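Coordinates from upload-v4.cif are shown below (mmCIF, C-alpha atoms).
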```cif
data_run
#
loop_
_atom_site.label_atom_id
_atom_site.label_comp_id
_atom_site.auth_asym_id
_atom_site.auth_seq_id
_atom_site.Cartn_x
_atom_site.Cartn_y
_atom_site.Cartn_z
CA ALA A 30 -2.43 -16.59 42.65
CA GLY A 31 -6.04 -17.64 42.13
CA SER A 32 -6.94 -16.71 45.73
CA ALA A 33 -5.25 -13.31 45.35
CA LEU A 34 -7.35 -12.61 42.28
CA GLY A 35 -10.40 -13.73 44.21
CA ARG A 36 -9.67 -11.22 46.97
CA LEU A 37 -9.26 -8.47 44.39
CA ALA A 38 -12.55 -9.44 42.76
CA ALA A 39 -14.17 -9.29 46.18
CA ALA A 40 -13.58 -5.52 46.19
CA PRO A 41 -16.36 -4.71 43.73
CA ARG A 42 -15.65 -0.99 43.32
CA VAL A 43 -12.00 -1.61 42.41
CA TRP A 44 -12.76 -4.60 40.23
CA ALA A 45 -15.58 -2.90 38.33
CA ALA A 46 -13.39 0.14 37.63
CA LEU A 47 -10.53 -1.86 36.07
CA ARG A 48 -9.79 -1.00 32.46
CA SER A 49 -6.23 -2.35 32.26
CA LEU A 50 -4.83 -5.29 34.23
CA ASP A 51 -1.11 -6.16 34.12
CA LEU A 52 -0.35 -9.59 35.61
CA ALA A 53 2.92 -10.22 33.76
CA TRP A 54 5.87 -12.00 35.45
CA ASN A 55 3.81 -13.44 38.31
CA HIS A 56 4.25 -17.21 37.92
CA LEU A 57 0.53 -17.53 37.26
CA GLY A 58 -0.74 -20.91 36.13
CA ASP A 59 -3.93 -22.49 34.91
CA GLY A 60 -5.71 -21.84 38.22
CA ALA A 61 -5.29 -18.10 37.81
CA ALA A 62 -6.78 -18.31 34.33
CA GLU A 63 -9.80 -20.08 35.80
CA ALA A 64 -10.12 -17.43 38.51
CA LEU A 65 -10.16 -14.73 35.82
CA ARG A 66 -12.87 -16.56 33.91
CA LEU A 67 -15.04 -16.86 36.99
CA GLY A 68 -14.65 -13.22 37.99
CA TRP A 69 -13.93 -11.33 34.78
CA PRO A 70 -14.15 -7.55 35.40
CA ASP A 71 -16.74 -5.89 33.18
CA GLY A 72 -15.21 -3.09 31.18
CA LEU A 73 -11.67 -4.58 31.06
CA ARG A 74 -9.94 -3.37 27.89
CA ALA A 75 -6.35 -4.61 28.23
CA LEU A 76 -5.06 -7.78 29.89
CA ARG A 77 -1.36 -8.65 30.14
CA LEU A 78 -0.55 -12.20 31.15
CA ASP A 79 2.83 -12.48 29.46
CA TRP A 80 5.73 -14.35 31.07
CA ASN A 81 3.64 -16.67 33.22
CA ALA A 82 3.04 -20.44 33.30
CA ILE A 83 -0.39 -20.73 31.69
CA GLY A 84 -0.72 -23.92 29.68
CA GLU A 85 -3.32 -25.74 27.62
CA ARG A 86 -5.91 -25.96 30.41
CA GLY A 87 -5.53 -22.31 31.30
CA ALA A 88 -5.85 -21.34 27.65
CA ALA A 89 -9.18 -23.16 27.52
CA GLN A 90 -10.35 -21.15 30.54
CA LEU A 91 -9.32 -17.86 28.92
CA ALA A 92 -10.94 -18.88 25.65
CA ALA A 93 -14.21 -19.49 27.47
CA ALA A 94 -13.88 -16.10 29.15
CA LEU A 95 -13.37 -14.36 25.79
CA LYS A 96 -16.61 -15.82 24.50
CA ALA A 97 -18.62 -14.54 27.47
CA PRO A 98 -20.50 -11.19 27.38
CA ALA A 99 -18.40 -9.87 30.28
CA ALA A 100 -15.31 -9.75 28.02
CA ALA A 101 -16.98 -7.75 25.26
CA ALA A 102 -14.90 -4.63 26.02
CA LEU A 103 -11.50 -6.37 25.79
CA GLN A 104 -9.24 -4.88 23.11
CA GLU A 105 -5.76 -6.17 24.02
CA LEU A 106 -4.67 -9.62 25.18
CA ASP A 107 -1.00 -10.53 25.61
CA LEU A 108 -0.04 -14.11 26.40
CA ARG A 109 3.60 -13.98 25.31
CA SER A 110 5.95 -16.49 26.94
CA ASN A 111 3.35 -18.89 28.30
CA PRO A 112 3.54 -22.63 27.43
CA LEU A 113 0.19 -22.71 25.62
CA GLY A 114 1.30 -25.23 22.99
CA ASP A 115 -0.54 -25.88 19.75
CA VAL A 116 -3.82 -26.85 21.42
CA GLY A 117 -3.86 -23.90 23.80
CA GLY A 118 -2.83 -21.45 21.09
CA GLY A 119 -5.56 -22.81 18.84
CA SER A 120 -8.16 -22.32 21.58
CA ILE A 121 -7.14 -18.69 22.01
CA CYS A 122 -7.16 -18.03 18.26
CA LYS A 123 -10.61 -19.54 17.87
CA ALA A 124 -12.02 -17.43 20.71
CA ALA A 125 -10.22 -14.31 19.47
CA GLY A 126 -11.60 -14.87 15.98
CA GLY A 127 -15.11 -14.49 17.35
CA HIS A 128 -14.27 -11.46 19.47
CA GLY A 129 -15.05 -8.53 17.22
CA GLY A 130 -13.46 -5.79 19.31
CA LEU A 131 -9.99 -7.29 19.84
CA ARG A 132 -7.18 -5.08 18.51
CA TRP A 133 -3.99 -6.77 19.74
CA LEU A 134 -3.18 -10.44 20.33
CA GLY A 135 0.16 -11.56 21.76
CA LEU A 136 1.09 -15.20 21.17
CA GLY A 137 4.86 -14.84 20.95
CA GLU A 138 7.00 -17.62 22.45
CA THR A 139 4.05 -19.82 23.36
CA SER A 140 5.47 -23.15 22.10
CA LEU A 141 3.56 -23.02 18.81
CA THR A 142 4.67 -25.15 15.88
CA ASP A 143 3.66 -25.07 12.23
CA ALA A 144 0.74 -27.36 13.05
CA GLY A 145 -0.55 -24.93 15.67
CA ALA A 146 -0.20 -21.92 13.39
CA GLN A 147 -1.84 -23.70 10.47
CA GLY A 148 -4.75 -24.67 12.71
CA GLY A 149 -5.10 -21.47 14.74
CA VAL A 150 -4.27 -18.54 12.45
CA PRO A 151 -7.12 -19.30 9.97
CA GLU A 152 -9.53 -18.59 12.84
CA LEU A 153 -8.35 -14.95 12.65
CA VAL A 154 -8.72 -14.52 8.88
CA GLY A 155 -10.85 -11.49 8.03
CA HIS A 156 -10.91 -10.29 11.65
CA PRO A 157 -12.71 -6.93 11.57
CA SER A 158 -10.78 -5.10 14.32
CA LEU A 159 -7.40 -6.82 14.81
CA GLU A 160 -4.56 -4.32 14.37
CA GLY A 161 -1.57 -6.32 15.57
CA LEU A 162 -0.44 -9.91 16.08
CA ASP A 163 2.72 -11.13 17.81
CA ILE A 164 3.39 -14.76 16.93
CA GLY A 165 7.17 -14.56 16.92
CA GLU A 166 9.80 -16.72 18.62
CA ASN A 167 7.84 -19.89 18.00
CA ALA A 168 9.01 -22.96 16.07
CA LEU A 169 7.56 -21.74 12.77
CA THR A 170 8.90 -22.32 9.25
CA ASP A 171 7.82 -21.50 5.71
CA ALA A 172 4.94 -23.95 6.16
CA SER A 173 3.12 -21.42 8.40
CA CYS A 174 3.41 -18.49 6.02
CA GLU A 175 0.47 -19.23 3.75
CA ALA A 176 -1.91 -19.08 6.72
CA LEU A 177 -0.29 -15.89 7.99
CA ALA A 178 -0.42 -14.35 4.51
CA ARG A 179 -4.16 -15.02 4.26
CA LEU A 180 -4.60 -13.19 7.55
CA VAL A 181 -2.46 -10.23 6.41
CA ALA A 182 -4.34 -9.92 3.13
CA SER A 183 -7.81 -10.26 4.65
CA ALA A 184 -7.90 -8.40 7.99
CA PRO A 185 -8.88 -4.84 7.08
CA ARG A 186 -7.32 -3.12 10.12
CA LEU A 187 -4.21 -5.27 10.59
CA ARG A 188 -1.15 -3.02 10.62
CA ARG A 189 1.57 -5.02 12.38
CA LEU A 190 2.83 -8.60 12.32
CA VAL A 191 5.63 -9.54 14.72
CA LEU A 192 7.23 -12.73 13.45
CA ARG A 193 10.70 -12.84 14.98
CA GLY A 194 12.61 -16.06 14.64
CA TYR A 195 13.49 -18.39 17.49
CA LEU A 196 17.29 -18.55 17.32
CA PHE A 197 17.56 -22.05 18.79
CA GLU A 198 15.57 -23.55 15.90
CA PRO A 199 17.84 -24.73 13.07
CA THR A 200 15.08 -24.24 10.47
CA ARG A 201 13.13 -21.01 10.54
CA ILE A 202 11.27 -18.89 7.98
CA GLY A 203 13.29 -18.49 4.81
CA ASP A 204 12.86 -16.80 1.47
CA GLU A 205 9.98 -19.00 0.35
CA GLY A 206 7.83 -17.91 3.28
CA GLY A 207 9.21 -14.38 3.29
CA GLN A 208 8.12 -13.80 -0.30
CA VAL A 209 4.63 -15.11 0.47
CA LEU A 210 4.30 -12.62 3.33
CA ALA A 211 5.66 -9.72 1.26
CA ARG A 212 3.13 -10.37 -1.51
CA ALA A 213 0.33 -10.42 1.06
CA VAL A 214 1.44 -7.01 2.36
CA GLY A 215 1.24 -5.70 -1.22
CA GLN A 216 -2.20 -7.23 -1.71
CA LEU A 217 -3.52 -5.61 1.46
CA SER A 218 -2.07 -2.27 0.38
CA ARG A 219 -4.01 -2.28 -2.89
CA PHE A 220 -7.25 -2.85 -0.97
CA ARG A 221 -6.47 -0.06 1.49
CA ALA A 222 -5.37 2.37 -1.23
CA GLY A 223 -8.72 2.00 -2.96
CA GLU A 224 -10.59 2.41 0.31
CA ALA A 225 -8.55 5.48 1.30
CA SER A 226 -8.97 7.17 -2.09
CA CYS A 227 -12.74 6.91 -1.69
CA LYS A 228 -12.45 8.67 1.69
CA GLY A 229 -9.87 11.24 0.54
CA ARG A 230 -7.02 10.25 2.85
CA ALA A 231 -3.69 8.40 2.69
CA PRO A 232 -3.86 4.61 3.17
CA LYS A 233 -2.49 3.05 6.34
CA THR A 234 0.71 1.10 5.83
CA PHE A 235 2.06 -2.11 7.33
CA GLU A 236 4.82 -3.03 9.79
CA LEU A 237 6.51 -6.42 9.35
CA ASP A 238 9.08 -7.79 11.80
CA LEU A 239 11.15 -10.76 10.60
CA ASP A 240 14.15 -10.37 12.94
CA ASP A 241 16.31 -13.49 13.39
CA GLN A 242 14.57 -15.40 10.60
CA GLN A 243 16.43 -16.97 7.67
CA VAL A 244 15.01 -14.66 5.01
CA GLY A 245 17.40 -13.26 2.42
CA CYS A 246 17.71 -11.63 -0.97
CA ARG A 247 14.43 -12.81 -2.48
CA THR A 248 12.39 -11.54 0.46
CA ALA A 249 14.08 -8.13 0.32
CA VAL A 250 13.46 -7.85 -3.42
CA GLU A 251 9.79 -8.75 -2.98
CA MET A 252 9.46 -6.14 -0.23
CA SER A 253 11.03 -3.58 -2.56
CA ARG A 254 8.25 -4.22 -5.07
CA HIS A 255 5.68 -3.25 -2.45
CA CYS A 256 7.49 -0.41 -0.66
CA GLY A 257 4.37 1.72 -0.89
CA ALA A 258 2.61 -0.83 1.29
CA TRP A 259 4.79 -0.75 4.38
CA SER A 260 6.17 1.87 6.74
CA ARG A 261 8.45 -0.42 8.76
CA PHE A 262 10.37 -3.52 7.78
CA SER A 263 12.66 -5.10 10.36
CA ALA A 264 15.05 -7.84 9.26
CA PHE A 265 17.67 -7.69 11.99
CA ASN A 266 20.20 -10.57 11.94
CA THR A 267 18.86 -12.21 8.79
CA GLU A 268 20.50 -13.35 5.57
CA ILE A 269 19.56 -10.24 3.57
CA SER A 270 22.40 -9.56 1.18
CA THR A 271 23.86 -6.71 -0.83
CA ALA A 272 21.63 -7.52 -3.82
CA GLY A 273 18.44 -7.43 -1.78
CA THR A 274 19.48 -4.23 0.00
CA THR A 275 20.25 -2.55 -3.31
CA ALA A 276 16.77 -3.39 -4.56
CA LEU A 277 15.24 -1.87 -1.41
CA ALA A 278 17.37 1.28 -1.70
CA ASN A 279 16.51 1.81 -5.36
CA ALA A 280 12.78 1.33 -4.78
CA LEU A 281 12.70 3.71 -1.80
CA ARG A 282 14.74 6.32 -3.63
CA ALA A 283 12.43 6.07 -6.66
CA ARG A 284 9.40 6.82 -4.48
CA SER A 285 11.16 9.81 -2.95
CA THR A 286 12.03 11.06 -6.44
CA GLU A 287 8.41 10.69 -7.58
CA ALA A 288 7.23 12.73 -4.61
CA ALA A 289 9.84 15.43 -5.24
CA GLY A 290 8.75 15.56 -8.88
CA GLY A 291 5.18 16.34 -7.92
CA GLN A 292 3.62 12.90 -8.41
CA ALA A 293 0.32 12.52 -6.57
CA ILE A 294 1.36 9.79 -4.16
CA ALA A 295 0.96 9.71 -0.39
CA LEU A 296 4.28 8.79 1.20
CA ALA A 297 4.55 7.16 4.59
CA PRO A 298 7.89 7.52 6.42
CA HIS A 299 9.89 4.32 5.99
CA ARG A 300 11.77 2.72 8.88
CA LEU A 301 14.17 -0.06 7.96
CA ASN A 302 16.24 -2.33 10.19
CA VAL A 303 18.89 -4.41 8.42
CA ALA A 304 21.45 -4.42 11.23
CA GLN A 305 23.74 -7.45 11.57
CA CYS A 306 22.98 -8.79 8.10
CA ARG A 307 25.51 -9.40 5.30
CA ILE A 308 25.50 -6.13 3.40
CA ALA A 309 28.46 -4.51 1.65
CA PRO A 310 29.40 -0.92 2.62
CA SER A 311 28.41 0.34 -0.84
CA ALA A 312 24.84 -0.95 -0.41
CA VAL A 313 24.64 0.51 3.10
CA GLU A 314 25.57 3.89 1.62
CA LEU A 315 22.81 3.54 -0.98
CA LEU A 316 20.32 2.94 1.83
CA ARG A 317 21.51 6.04 3.67
CA ARG A 318 20.61 8.10 0.59
CA SER A 319 17.27 6.41 -0.03
CA GLY A 320 15.10 8.74 2.08
CA THR A 321 14.25 6.48 5.03
CA SER A 322 13.08 8.24 8.19
CA ARG A 323 15.07 5.74 10.28
CA LEU A 324 17.75 3.28 9.22
CA ASP A 325 19.44 0.69 11.45
CA CYS A 326 22.36 -0.89 9.62
CA HIS A 327 25.12 -1.34 12.19
CA GLY A 328 27.22 -4.45 12.84
CA GLN A 329 27.22 -6.05 9.40
CA ARG A 330 28.52 -9.63 9.44
CA PRO A 331 31.12 -10.91 6.96
CA GLN A 332 29.61 -11.69 3.58
CA LYS A 333 29.36 -15.29 2.48
CA PRO A 334 31.32 -16.45 -0.56
CA ALA A 335 29.65 -15.21 -3.74
CA VAL A 336 26.90 -17.50 -5.01
CA ARG A 337 24.71 -16.60 -7.96
CA VAL A 338 21.14 -16.18 -6.72
CA ALA A 339 18.27 -15.27 -9.02
CA CYS A 340 16.39 -12.54 -7.17
#
```

Could you spell out this file's structure in structure tokens?
Amino acid sequence: AGSALGRLAAAPRVWAALRSLDLAWNHLGDGAAEALRLGWPDGLRALRLDWNAIGERGAAQLAAALKAPAAAALQELDLRSNPLGDVGGGSICKAAGGHGGLRWLGLGETSLTDAGAQGGVPELVGHPSLEGLDIGENALTDASCEALARLVASAPRLRRLVLRGYLFEPTRIGDEGGQVLARAVGQLSRFRAGEASCKGRAPKTFELDLDDQQVGCRTAVEMSRHCGAWSRFSAFNTEISTAGTTALANALRARSTEAAGGQAIALAPHRLNVAQCRIAPSAVELLRRSGTSRLDCHGQRPQKPAVRVAC
């Protein structure tokens, strides 16, 4: 793989003209990462390395490349499904944190644990250009959510966080972490609303993906309190219940009613995915009448025996 990249780099006209390079699903290892560092194409804006075999050593090579002037144009880097581990993921986060033009970073399914997220994500706090982060399908629990929340609340352009659960992990992100993230989304919205009002335009809203996590009623209720802050909330195959769904439906319907009544609020279209949760038909019907632009609610699982939960 490294020699193939070397041959491509030896064609200077082709290499210099590259703006997007897709190397996904190629069994590339650490040697290929080193070859990229040594011959990084000037002007490269998007690099896909997902579904390869790049580990800790390769991550260090890519981190060094990101810090070099040749990589200044890079805007998108996807490393999903590489065995980076906590050390490798931390190296990438640290380099990405100093790369002011990066807009998308993919670290999904890279063998990160809470320790890796707690060490690496703070390097991205306040990032001036980052618009999206995929850190899903890692072994993360509630312990990682404070660091992620600080990123959400501080990065001025961040619009999407992909945080899908890894189904084979018995303990994933639950309501404690879900509420922390929801509050951060609301905090970011207040900052953006003030900024947008000064410029005379509607604020940008957030997209949060918590599919396959263990979030439930409390997370849904907290999201309902900040429904003006997000345009998409995906909670496929989670423990969201009838009570949490009812809170979401009522909050979304109230915003639609305010807009219909002439209130001066800028409404973003809401997309909601609560498929394969544990929601009663009556609550599903409430959601259908809540004014969402897209609603996924198919395949509801049987509800658990009733337990009083303070939402």

> What separation in Å, quoted to one decimal, exists between CA of Gln305 in chain A and CA of Ser253 in chain A?
Replying inline: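 Computed distance, CA of Gln305 in chain A to CA of Ser253 in chain A, equals 19.4 Å.
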
> Which residues come within 10 Å of Arg188 in chain A, counting only C-alpha atoms, excluding same-chain residues fewer than 3 positions away, as an MDAnalysis selection string?
Replying inline: chainID A and resid 159:162 181 184:185 214 217 233:237 259:260

> Between A:Gln104, A:Thr248, A:Ser285, A:Asn279, which is the closest to Ala264 in chain A once you count all atoms listed in the file?
Replying inline: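 Under the stated criterion, the closest residue is A:Thr248.
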
>> One number please: CA of Arg189 in chain A to CA of Ala92 in chain A, in Å, one decimal.
In response: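 Interatomic distance, CA of Arg189 in chain A to CA of Ala92 in chain A: 22.9 Å.
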
> With all atoms listed in the file as the atoms that count, which of A:Gly155, A:Glu205, A:Arg323, A:Arg330 lies nearest to Ala309 in chain A?
Replying inline: A:Arg330

>> Translate the PyMOL selection byres ((chain A and resi 143) around 9) into a concrete residue list for this structure, as a count of residues only.
In response: 15

>> Give me the residues near Gln90 in chain A as a ChimeraX atom specification, where near means some atom within 10 Å (using only C-alpha atoms) and where sequence neighbours in that chain fewer than 2 positions away do not count.
In response: /A:59-67,85-88,92-95,117,120-121

> Contacts of Ala182 in chain A at 9 Å or less, counting all atoms listed in the file, minus same-chain residues fewer than 2 places along, as a list in words?
Replying inline: Val154, Gly155, Leu177, Ala178, Arg179, Leu180, Ala184, Pro185, Leu187, Arg212, Ala213, Val214, Gly215, Gln216, Leu217, Ser218 and Phe220 of chain A

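Taken over the whole file, the PyMOL selection byres ((chain A and resi 199) around 12) covers exactly A:Ala168, A:Leu169, A:Thr170, A:Gly194, A:Tyr195, A:Leu196, A:Phe197, A:Glu198, A:Thr200, A:Arg201, A:Ile202, A:Gly203, A:Asp241, A:Gln242, A:Gln243.
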
What would range 145-158 of chain A look like with N, CA and C atoms in place, written as a JSON list (two decimals), keeping the file's coordinate frame?
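Written output follows (result-v4.json):
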```json
[["chain", "number", "residue", "atom", "x", "y", "z"],
["A", 145, "GLY", "N", 0.28, -25.83, 14.90],
["A", 145, "GLY", "CA", -0.55, -24.93, 15.67],
["A", 145, "GLY", "C", -0.90, -23.67, 14.91],
["A", 146, "ALA", "N", 0.08, -23.12, 14.18],
["A", 146, "ALA", "CA", -0.20, -21.92, 13.39],
["A", 146, "ALA", "C", -1.15, -22.21, 12.25],
["A", 147, "GLN", "N", -0.95, -23.35, 11.59],
["A", 147, "GLN", "CA", -1.84, -23.70, 10.47],
["A", 147, "GLN", "C", -3.26, -23.97, 10.94],
["A", 148, "GLY", "N", -3.41, -24.43, 12.19],
["A", 148, "GLY", "CA", -4.75, -24.67, 12.71],
["A", 148, "GLY", "C", -5.38, -23.45, 13.34],
["A", 149, "GLY", "N", -4.56, -22.59, 13.99],
["A", 149, "GLY", "CA", -5.10, -21.47, 14.74],
["A", 149, "GLY", "C", -5.25, -20.17, 13.96],
["A", 150, "VAL", "N", -4.24, -19.83, 13.15],
["A", 150, "VAL", "CA", -4.27, -18.54, 12.45],
["A", 150, "VAL", "C", -5.48, -18.40, 11.52],
["A", 151, "PRO", "N", -5.92, -19.46, 10.81],
["A", 151, "PRO", "CA", -7.12, -19.30, 9.97],
["A", 151, "PRO", "C", -8.36, -18.85, 10.73],
["A", 152, "GLU", "N", -8.40, -19.07, 12.05],
["A", 152, "GLU", "CA", -9.53, -18.59, 12.84],
["A", 152, "GLU", "C", -9.58, -17.06, 12.89],
["A", 153, "LEU", "N", -8.44, -16.41, 12.59],
["A", 153, "LEU", "CA", -8.35, -14.95, 12.65],
["A", 153, "LEU", "C", -8.53, -14.29, 11.29],
["A", 154, "VAL", "N", -8.61, -15.08, 10.23],
["A", 154, "VAL", "CA", -8.72, -14.52, 8.88],
["A", 154, "VAL", "C", -9.95, -13.62, 8.77],
["A", 155, "GLY", "N", -9.75, -12.43, 8.20],
["A", 155, "GLY", "CA", -10.85, -11.49, 8.03],
["A", 155, "GLY", "C", -11.29, -10.80, 9.30],
["A", 156, "HIS", "N", -10.50, -10.89, 10.38],
["A", 156, "HIS", "CA", -10.91, -10.29, 11.65],
["A", 156, "HIS", "C", -11.18, -8.80, 11.45],
["A", 157, "PRO", "N", -12.32, -8.30, 11.90],
["A", 157, "PRO", "CA", -12.71, -6.93, 11.57],
["A", 157, "PRO", "C", -11.97, -5.84, 12.33],
["A", 158, "SER", "N", -11.38, -6.16, 13.50],
["A", 158, "SER", "CA", -10.78, -5.10, 14.32],
["A", 158, "SER", "C", -9.31, -5.33, 14.66]]
```
